Amino acid sequence: MPGTPPIIDVNNAQLEEVLHRIEQSLDDKDVELIRALVEAYRYVIDLVDDKNTSIRRLRQLLFGGRTEKTDAVVGQCTDRPPATMPLGAATGTESSAREAPPEASGAAATTPARQGHGRNGADAYRGAERIDVPHPSLGAGDACPACAQGTVYEKAPGVLVRITGQPPLTATIYQLQKLRCHLCGQVFTAPAPPEAGDQKYDASAGSMIGLLKYGSGLPFNRLEGLQGYLEIPLPASTQWDIVQTVAASLTPAFDELIRQAAQGDVLHNDDTTIKILELMGQRGRPAVLTSAEDDDDGRTGLFTSGVVALRDGHRVALFFSGRRHAGENLAEVLRHRAAELPPPIQMCDALSRNLPGELQTILAHCLAHARRQFVDIYDRFPQECGYLLETLAVVYRNDAVSRQRQLAPEARLQWHQRESGPTMQQLHEWLTRQLDERLTEPNSALGGAIRYMLRHWEKLTLFLRQAGAPLDNNLCERALKKAILHRKNALFFKTQNGARVGDLFMSLIYTCQLNEANPLAYLTQLQQHADRVAANPALWMPWNYRAMLPSESCEPQ
């Protein structure tokens with residue numbers, strides 16, 4: 001091994017001076033390469049200097065993240081069983097308990113590869129206008145023009161898909177003719193046509209802006225630039241005024257979503273960091289002192305909490321941004337729960353801030369969080385981590401089979417008890433043996449991962465005892481990607497009110513996505529029927545609102 005190179009303390013001014021001298025003696029191509037190397041050096045130094053940058057995160061930033069799928073971590077090998085017992089295995093153990101059930105492996109083996117290479121068939125364009133084109137000279141029942149003996153009949157129509165481009169928001173200018181009497185001076189103006197409406201910004205305009213901003217992460221200034229290119233200007237400040245006004249019409253539906261989520265059978269929750277400038281730095285101190293809404297105990301952290309509730313086959317996604325943790329926001333939701341309902345199943349990771357305080361839930365912990373600790377150290381302990389990952393792969397394959405068969409919660413519980421129970425029992429025995437027989441150093445990274453899993457074993461395996469209990473919190477993790485996408489593009493919210501509007505739009509949009517509803521159509525209909533929505537919001541949820549629309553509605557499906 002080479003010796004440790006000396007560490008040279010160089011500031012930015014010295015680096016710039018060296019680069020300036022290099023520019024005097026080398027050609028542009030060499031200078032560009034050396035400057036890129038210096039910039040990379042500065043970037044790495046800044047990352048290392050950040051106390052929050054772990055070795056794992058540093059690798060991800062430099063080389064990109066990798067998938068956590070078992071085949072990608074452990075490597076594919078068709079000759080080995082799904083889980084091979086490594087160090088300290090008991091002799092005479094039946095391997096069949098650790099193998100994937102025949103239905104699971106068969107389903108994976110027979111699943112056809114996805115066809116089309118990314119191309120969509122006509123059925124995928126559910127929001128497209130459909131035009132029936134009749135044959136110009138033939139109809140059903142006519143004589144065949146080819147053989148003159150047969151009769152032609154209807155078949156499935158041929159399909160042509162044609163896609164056109166258009167601005168996200170378009171404008172129509174109505175030029176109302178004016179006539180003036182040359183004698184008395186009276187001016188006569190043509191009346192506006194009914195389709196012009198009485199508002200400059202149609203309901204669909206607010207829906208589109210909200211969908212682009214809070215659903216797709218397109219900041220107001222970027223949409224302003226895009227609209228400018230297309231000669232339909234729309235300033236960023238105007239966009240905010242529009243969505244803020246629209247939010248008032250959507251509030252009853254959002255409040256009803258909270259009530260619906262509170263009645264859920266299973267609730268997932270987690271949070272991620274967020275920036276709200278009004279609550280940060282010197283600007284945040286008065287807000288902290290005068291805020292009666294947040295019981296934050298002087299905390300300075302800011303979070304966006306995600307809550308995803310499952311009820312009656314529907315899914316509700318909620319977002320809350322501010323100083324409250326995920327558990328506190330979940331407690332606010334559960335205060336709307338009917339008193340006669342039993343405690344719901346709560347899925348989260350093992351952080352105490354995810355718990356809803358005094359409100360009772362049946363707590364389950366995320367198996368994917370425990371598994372990830374072994375993924376992170378696989379390079380250092382490949383044999384031990386490989387065994388655990390392959391064992392959990394059996395459980396996940398069993399869960400995939402239960403979804404394919406659309407098993408009811410009780411049937412799914414019995415399936416896991418029969419197929420996954422022995423596998424998890426063997427895993428528990430192996431984990432215990434690693435520490436009891438000193439096969440693993442307790443204070444090592446592997447020992448820490450094992451201790452975490454044993455400490456939370458009961459909550460990690462709730463799916464073996466409670467009907468409907470999920471394996472992991474991935475559903476909420478996917479929901480939080482909406483907030484993370486907004487954070488990466490817009491960077492921050494300016495005010496608490498801006499964060500509230502963002503939470504409202506993201507909740508309605510992602511709930512539509514989870515229930516396969518068109519969010520643009522849904523947001524527009526809520527605005528157009530605001531009085532009816534406010535009177536009975538339960539009838540205007542993403543999964544049932546179409547029943548409230550007039551039959552002649554041309555809303556895209």
# chains A, B, ... in the order shown; residues from 1 in each chain; ligands from 1
call {"tool": "closest_atom_pairs", "arguments": {"of": "stretch 253-353 of chain A", "to": "stretch 485-493 of chain A", "cutoff": "9 Å", "atoms": "only C-alpha atoms", "output": "JSON lines"}}
result
{"residue": "A:Thr273", "atom": "CA", "partner": "A:Arg487", "partner_atom": "CA", "distance": 8.9}
{"residue": "A:Ile274", "atom": "CA", "partner": "A:Phe492", "partner_atom": "CA", "distance": 6.8}
{"residue": "A:Lys275", "atom": "CA", "partner": "A:Phe492", "partner_atom": "CA", "distance": 4.8}
{"residue": "A:Ile276", "atom": "CA", "partner": "A:Phe493", "partner_atom": "CA", "distance": 4.7}
{"residue": "A:Leu277", "atom": "CA", "partner": "A:Phe493", "partner_atom": "CA", "distance": 6.4}
{"residue": "A:Glu278", "atom": "CA", "partner": "A:Phe493", "partner_atom": "CA", "distance": 8.3}
call {"tool": "residues_around", "arguments": {"residues": "A:His314", "least_positions_apart": "6", "cutoff": "9 Å", "atoms": "only C-alpha atoms", "output": "VMD selection string"}}
result
chain A and resid 514 to 515 543
call {"tool": "write_last_selection", "arguments": {"atoms": "N, CA, C and O atoms", "output": "PDB file, in the first residue's frame"}}
result
ATOM      1  N   LEU A 514     -53.674   7.736  -6.865  1.00  0.00           N
ATOM      2  CA  LEU A 514     -53.806   6.452  -6.194  1.00  0.00           C
ATOM      3  C   LEU A 514     -55.115   5.755  -6.548  1.00  0.00           C
ATOM      4  O   LEU A 514     -55.209   4.533  -6.483  1.00  0.00           O
ATOM      5  N   ASN A 515     -56.142   6.540  -6.902  1.00  0.00           N
ATOM      6  CA  ASN A 515     -57.452   5.967  -7.207  1.00  0.00           C
ATOM      7  C   ASN A 515     -57.775   6.026  -8.695  1.00  0.00           C
ATOM      8  O   ASN A 515     -58.945   5.872  -9.074  1.00  0.00           O
ATOM      9  N   TRP A 543     -62.960   8.987  -5.979  1.00  0.00           N
ATOM     10  CA  TRP A 543     -63.470   7.688  -6.413  1.00  0.00           C
ATOM     11  C   TRP A 543     -64.984   7.678  -6.641  1.00  0.00           C
ATOM     12  O   TRP A 543     -65.517   6.681  -7.125  1.00  0.00           O
TER      13      TRP A 543
END
call {"tool": "select_by_dssp", "arguments": {"residues": "stretch 321-509 of chain A", "states": "strand (DSSP E)", "output": "ChimeraX atom specification"}}
result
/A:321-322,345-348,362-365
call {"tool": "write_last_selection", "arguments": {"atoms": "C-alpha atoms", "output": "PDB file, in the first residue's frame"}}
result
ATOM      1  CA  SER A 321     -45.870  20.929   6.181  1.00  0.00           C
ATOM      2  CA  GLY A 322     -44.610  22.780   9.237  1.00  0.00           C
ATOM      3  CA  ILE A 345     -52.962  -0.466  12.006  1.00  0.00           C
ATOM      4  CA  GLN A 346     -50.164   2.103  11.813  1.00  0.00           C
ATOM      5  CA  MET A 347     -47.166   1.432   9.558  1.00  0.00           C
ATOM      6  CA  CYS A 348     -44.032   3.539  10.038  1.00  0.00           C
ATOM      7  CA  ILE A 362     -51.702  -1.243  16.308  1.00  0.00           C
ATOM      8  CA  LEU A 363     -48.102  -0.480  15.514  1.00  0.00           C
ATOM      9  CA  ALA A 364     -46.189  -2.152  12.672  1.00  0.00           C
ATOM     10  CA  HIS A 365     -42.639  -1.302  11.689  1.00  0.00           C
TER      11      HIS A 365
END
call {"tool": "residues_around", "arguments": {"residues": "A:Gly264", "least_positions_apart": "3", "cutoff": "6 Å", "atoms": "only C-alpha atoms", "output": "list of chain:residue names"}}
result
A:Ala261, A:Ala309, A:Leu310, A:Arg311
call {"tool": "residues_around", "arguments": {"residues": "A:Asn354", "least_positions_apart": "6", "cutoff": "8 Å", "atoms": "only C-alpha atoms", "output": "list in words"}}
result
Asn269, Asp270, His325, Ala326, Gly327, Glu328 and Cys348 of chain A
call {"tool": "closest_residue", "arguments": {"among": "A:Arg403, A:Gln414, A:Tyr387, A:Leu520", "to": "A:Gln426", "atoms": "only C-alpha atoms"}}
result
A:Tyr387
call {"tool": "atom_distance", "arguments": {"atom1": "atom CA of A:Asn473", "atom2": "atom CA of A:Cys366"}}
result
5.3 Å
call {"tool": "select_by_dssp", "arguments": {"residues": "stretch 365-445 of chain A", "states": "helix (DSSP H, G or I)", "output": "PyMOL selection string"}}
result
chain A and resi 367-376+382-404+409-419+421-436+445
call {"tool": "residues_around", "arguments": {"residues": "A:Gly139", "least_positions_apart": "2", "cutoff": "8 Å", "atoms": "only C-alpha atoms", "output": "PyMOL selection string"}}
result
chain A and resi 135+137+141-142+152-153
call {"tool": "residues_around", "arguments": {"residues": "stretch 28-36 of chain A", "least_positions_apart": "5", "cutoff": "10 Å", "atoms": "only C-alpha atoms", "output": "number ranges by chain"}}
result
A: 15-16, 19-20, 22-23, 41-42
call {"tool": "write_last_selection", "arguments": {"atoms": "all heavy atoms", "output": "PDB file, in the first residue's frame"}}
result
ATOM      1  N   LEU A  15      -5.773  28.503  -5.452  1.00  0.00           N
ATOM      2  CA  LEU A  15      -6.157  27.671  -6.585  1.00  0.00           C
ATOM      3  C   LEU A  15      -6.393  28.510  -7.835  1.00  0.00           C
ATOM      4  O   LEU A  15      -5.986  28.138  -8.940  1.00  0.00           O
ATOM      5  CB  LEU A  15      -7.419  26.868  -6.245  1.00  0.00           C
ATOM      6  CG  LEU A  15      -7.245  25.682  -5.299  1.00  0.00           C
ATOM      7  CD1 LEU A  15      -8.598  25.071  -4.953  1.00  0.00           C
ATOM      8  CD2 LEU A  15      -6.342  24.615  -5.913  1.00  0.00           C
ATOM      9  N   GLU A  16      -7.045  29.632  -7.674  1.00  0.00           N
ATOM     10  CA  GLU A  16      -7.302  30.497  -8.825  1.00  0.00           C
ATOM     11  C   GLU A  16      -5.996  31.053  -9.396  1.00  0.00           C
ATOM     12  O   GLU A  16      -5.851  31.194 -10.613  1.00  0.00           O
ATOM     13  CB  GLU A  16      -8.237  31.642  -8.426  1.00  0.00           C
ATOM     14  CG  GLU A  16      -9.669  31.214  -8.173  1.00  0.00           C
ATOM     15  CD  GLU A  16     -10.314  30.645  -9.431  1.00  0.00           C
ATOM     16  OE1 GLU A  16      -9.929  31.049 -10.550  1.00  0.00           O
ATOM     17  OE2 GLU A  16     -11.200  29.783  -9.286  1.00  0.00           O
ATOM     18  N   LEU A  19      -4.431  28.274 -11.417  1.00  0.00           N
ATOM     19  CA  LEU A  19      -5.166  28.098 -12.672  1.00  0.00           C
ATOM     20  C   LEU A  19      -4.851  29.213 -13.661  1.00  0.00           C
ATOM     21  O   LEU A  19      -4.772  28.982 -14.875  1.00  0.00           O
ATOM     22  CB  LEU A  19      -6.673  28.048 -12.388  1.00  0.00           C
ATOM     23  CG  LEU A  19      -7.195  26.794 -11.677  1.00  0.00           C
ATOM     24  CD1 LEU A  19      -8.664  26.952 -11.297  1.00  0.00           C
ATOM     25  CD2 LEU A  19      -7.021  25.565 -12.569  1.00  0.00           C
ATOM     26  N   HIS A  20      -4.658  30.414 -13.143  1.00  0.00           N
ATOM     27  CA  HIS A  20      -4.317  31.537 -14.027  1.00  0.00           C
ATOM     28  C   HIS A  20      -2.951  31.327 -14.689  1.00  0.00           C
ATOM     29  O   HIS A  20      -2.770  31.592 -15.880  1.00  0.00           O
ATOM     30  CB  HIS A  20      -4.328  32.840 -13.223  1.00  0.00           C
ATOM     31  CG  HIS A  20      -3.982  34.042 -14.057  1.00  0.00           C
ATOM     32  ND1 HIS A  20      -4.836  34.552 -15.018  1.00  0.00           N
ATOM     33  CD2 HIS A  20      -2.862  34.821 -14.082  1.00  0.00           C
ATOM     34  CE1 HIS A  20      -4.266  35.600 -15.590  1.00  0.00           C
ATOM     35  NE2 HIS A  20      -3.077  35.786 -15.034  1.00  0.00           N
ATOM     36  N   ILE A  22      -1.586  28.402 -15.222  1.00  0.00           N
ATOM     37  CA  ILE A  22      -1.744  27.298 -16.170  1.00  0.00           C
ATOM     38  C   ILE A  22      -2.309  27.807 -17.488  1.00  0.00           C
ATOM     39  O   ILE A  22      -1.912  27.361 -18.569  1.00  0.00           O
ATOM     40  CB  ILE A  22      -2.637  26.205 -15.550  1.00  0.00           C
ATOM     41  CG1 ILE A  22      -1.907  25.519 -14.388  1.00  0.00           C
ATOM     42  CG2 ILE A  22      -3.057  25.174 -16.591  1.00  0.00           C
ATOM     43  CD1 ILE A  22      -2.759  24.536 -13.628  1.00  0.00           C
ATOM     44  N   GLU A  23      -3.267  28.732 -17.411  1.00  0.00           N
ATOM     45  CA  GLU A  23      -3.873  29.270 -18.624  1.00  0.00           C
ATOM     46  C   GLU A  23      -2.856  29.968 -19.519  1.00  0.00           C
ATOM     47  O   GLU A  23      -3.036  30.053 -20.738  1.00  0.00           O
ATOM     48  CB  GLU A  23      -4.995  30.245 -18.255  1.00  0.00           C
ATOM     49  CG  GLU A  23      -6.218  29.546 -17.649  1.00  0.00           C
ATOM     50  CD  GLU A  23      -7.240  30.553 -17.152  1.00  0.00           C
ATOM     51  OE1 GLU A  23      -6.924  31.768 -17.150  1.00  0.00           O
ATOM     52  OE2 GLU A  23      -8.352  30.136 -16.763  1.00  0.00           O
ATOM     53  N   TYR A  41     -12.399  18.515  -7.029  1.00  0.00           N
ATOM     54  CA  TYR A  41     -11.708  18.474  -5.740  1.00  0.00           C
ATOM     55  C   TYR A  41     -12.435  19.360  -4.719  1.00  0.00           C
ATOM     56  O   TYR A  41     -12.670  18.954  -3.577  1.00  0.00           O
ATOM     57  CB  TYR A  41     -10.266  18.937  -5.924  1.00  0.00           C
ATOM     58  CG  TYR A  41      -9.530  19.214  -4.636  1.00  0.00           C
ATOM     59  CD1 TYR A  41      -9.026  18.173  -3.863  1.00  0.00           C
ATOM     60  CD2 TYR A  41      -9.335  20.521  -4.189  1.00  0.00           C
ATOM     61  CE1 TYR A  41      -8.359  18.423  -2.678  1.00  0.00           C
ATOM     62  CE2 TYR A  41      -8.665  20.785  -3.015  1.00  0.00           C
ATOM     63  CZ  TYR A  41      -8.176  19.735  -2.262  1.00  0.00           C
ATOM     64  OH  TYR A  41      -7.516  19.997  -1.091  1.00  0.00           O
ATOM     65  N   ARG A  42     -12.808  20.561  -5.142  1.00  0.00           N
ATOM     66  CA  ARG A  42     -13.538  21.458  -4.238  1.00  0.00           C
ATOM     67  C   ARG A  42     -14.863  20.834  -3.795  1.00  0.00           C
ATOM     68  O   ARG A  42     -15.248  20.913  -2.626  1.00  0.00           O
ATOM     69  CB  ARG A  42     -13.809  22.793  -4.940  1.00  0.00           C
ATOM     70  CG  ARG A  42     -12.585  23.675  -5.136  1.00  0.00           C
ATOM     71  CD  ARG A  42     -12.957  24.863  -5.998  1.00  0.00           C
ATOM     72  NE  ARG A  42     -11.892  25.848  -6.069  1.00  0.00           N
ATOM     73  CZ  ARG A  42     -11.879  26.885  -6.894  1.00  0.00           C
ATOM     74  NH1 ARG A  42     -12.884  27.047  -7.736  1.00  0.00           N
ATOM     75  NH2 ARG A  42     -10.880  27.733  -6.897  1.00  0.00           N
TER      76      ARG A  42
END
call {"tool": "closest_residue", "arguments": {"among": "A:Ala339, A:Leu267, A:Ala469, A:Leu435", "to": "A:Leu367", "atoms": "only C-alpha atoms"}}
result
A:Ala469
call {"tool": "residues_around", "arguments": {"residues": "A:Trp457", "least_positions_apart": "3", "cutoff": "12 Å", "atoms": "only C-alpha atoms", "output": "list in words"}}
result
Ala350, Leu363, Ala364, His365, Cys366, Leu367, Ala370, Met424, Gln425, Leu427, His428, Glu429, Leu431, Thr432, Ile450, Arg451, Tyr452, Met453, Leu454, Leu460, Thr461, Leu462, Phe463 and Leu464 of chain A
call {"tool": "closest_residue", "arguments": {"among": "A:Cys147, A:Arg315, A:Thr164, A:Ala262", "to": "A:Leu475", "atoms": "only C-alpha atoms"}}
result
A:Arg315
call {"tool": "closest_residue", "arguments": {"among": "A:Leu471, A:Ala196, A:Leu318, A:Met280", "to": "A:Leu392", "atoms": "only C-alpha atoms"}}
result
A:Leu471
call {"tool": "atom_distance", "arguments": {"atom1": "atom CA of A:Thr304", "atom2": "atom CA of A:Pro537"}}
result
25.1 Å
call {"tool": "atom_distance", "arguments": {"atom1": "atom CA of A:His336", "atom2": "atom CA of A:Leu508"}}
result
18.5 Å
call {"tool": "decode", "arguments": {"residues": "stretch 286-351 of chain A", "atoms": "C-alpha atoms", "output": "compact mmCIF listing (two decimals), in the first residue's frame"}}
result
# COMPACT_ATOMS: atom_id res chain seq x y z
CA PRO A 286 -41.35 35.96 15.84
CA ALA A 287 -43.42 33.22 14.23
CA VAL A 288 -42.19 30.71 16.80
CA LEU A 289 -42.97 33.04 19.70
CA THR A 290 -46.46 33.98 18.50
CA SER A 291 -47.60 30.68 16.97
CA ALA A 292 -50.53 29.13 18.81
CA GLU A 293 -51.06 26.45 16.19
CA ASP A 294 -47.84 24.45 16.59
CA ASP A 295 -46.83 22.94 19.92
CA ASP A 296 -43.21 22.74 18.78
CA ASP A 297 -41.35 23.07 22.11
CA GLY A 298 -38.96 25.57 20.51
CA ARG A 299 -37.88 23.18 17.77
CA THR A 300 -36.40 24.64 14.60
CA GLY A 301 -36.79 21.70 12.21
CA LEU A 302 -39.31 21.82 9.37
CA PHE A 303 -40.98 18.77 7.90
CA THR A 304 -43.49 17.62 5.33
CA SER A 305 -45.40 14.67 6.77
CA GLY A 306 -47.10 12.13 4.54
CA VAL A 307 -50.09 10.09 5.70
CA VAL A 308 -51.56 7.43 3.41
CA ALA A 309 -54.76 5.72 4.60
CA LEU A 310 -56.38 2.56 3.20
CA ARG A 311 -60.12 2.16 3.55
CA ASP A 312 -62.75 0.18 1.61
CA GLY A 313 -60.42 -0.37 -1.31
CA HIS A 314 -59.62 3.36 -1.61
CA ARG A 315 -56.40 5.16 -0.75
CA VAL A 316 -56.14 8.67 0.68
CA ALA A 317 -52.87 10.63 0.64
CA LEU A 318 -52.40 13.65 2.91
CA PHE A 319 -49.50 16.09 3.24
CA PHE A 320 -48.80 18.49 6.12
CA SER A 321 -45.87 20.93 6.18
CA GLY A 322 -44.61 22.78 9.24
CA ARG A 323 -42.84 22.15 12.52
CA ARG A 324 -44.92 19.13 13.51
CA HIS A 325 -43.51 15.64 13.14
CA ALA A 326 -45.29 12.82 11.33
CA GLY A 327 -46.71 11.40 14.57
CA GLU A 328 -48.20 14.73 15.60
CA ASN A 329 -49.83 15.19 12.22
CA LEU A 330 -51.18 11.64 12.35
CA ALA A 331 -52.64 12.40 15.78
CA GLU A 332 -54.46 15.41 14.30
CA VAL A 333 -55.93 13.16 11.62
CA LEU A 334 -56.98 10.44 14.09
CA ARG A 335 -58.91 12.96 16.20
CA HIS A 336 -61.53 12.79 13.44
CA ARG A 337 -61.87 9.01 13.83
CA ALA A 338 -65.25 7.60 14.83
CA ALA A 339 -65.23 6.49 18.46
CA GLU A 340 -66.84 3.12 17.71
CA LEU A 341 -64.08 2.04 15.33
CA PRO A 342 -61.23 -0.17 16.63
CA PRO A 343 -57.65 1.14 16.62
CA PRO A 344 -56.17 1.20 13.12
CA ILE A 345 -52.96 -0.47 12.01
CA GLN A 346 -50.16 2.10 11.81
CA MET A 347 -47.17 1.43 9.56
CA CYS A 348 -44.03 3.54 10.04
CA ASP A 349 -40.34 3.19 10.80
CA ALA A 350 -39.05 2.89 14.35
CA LEU A 351 -38.53 6.62 15.02
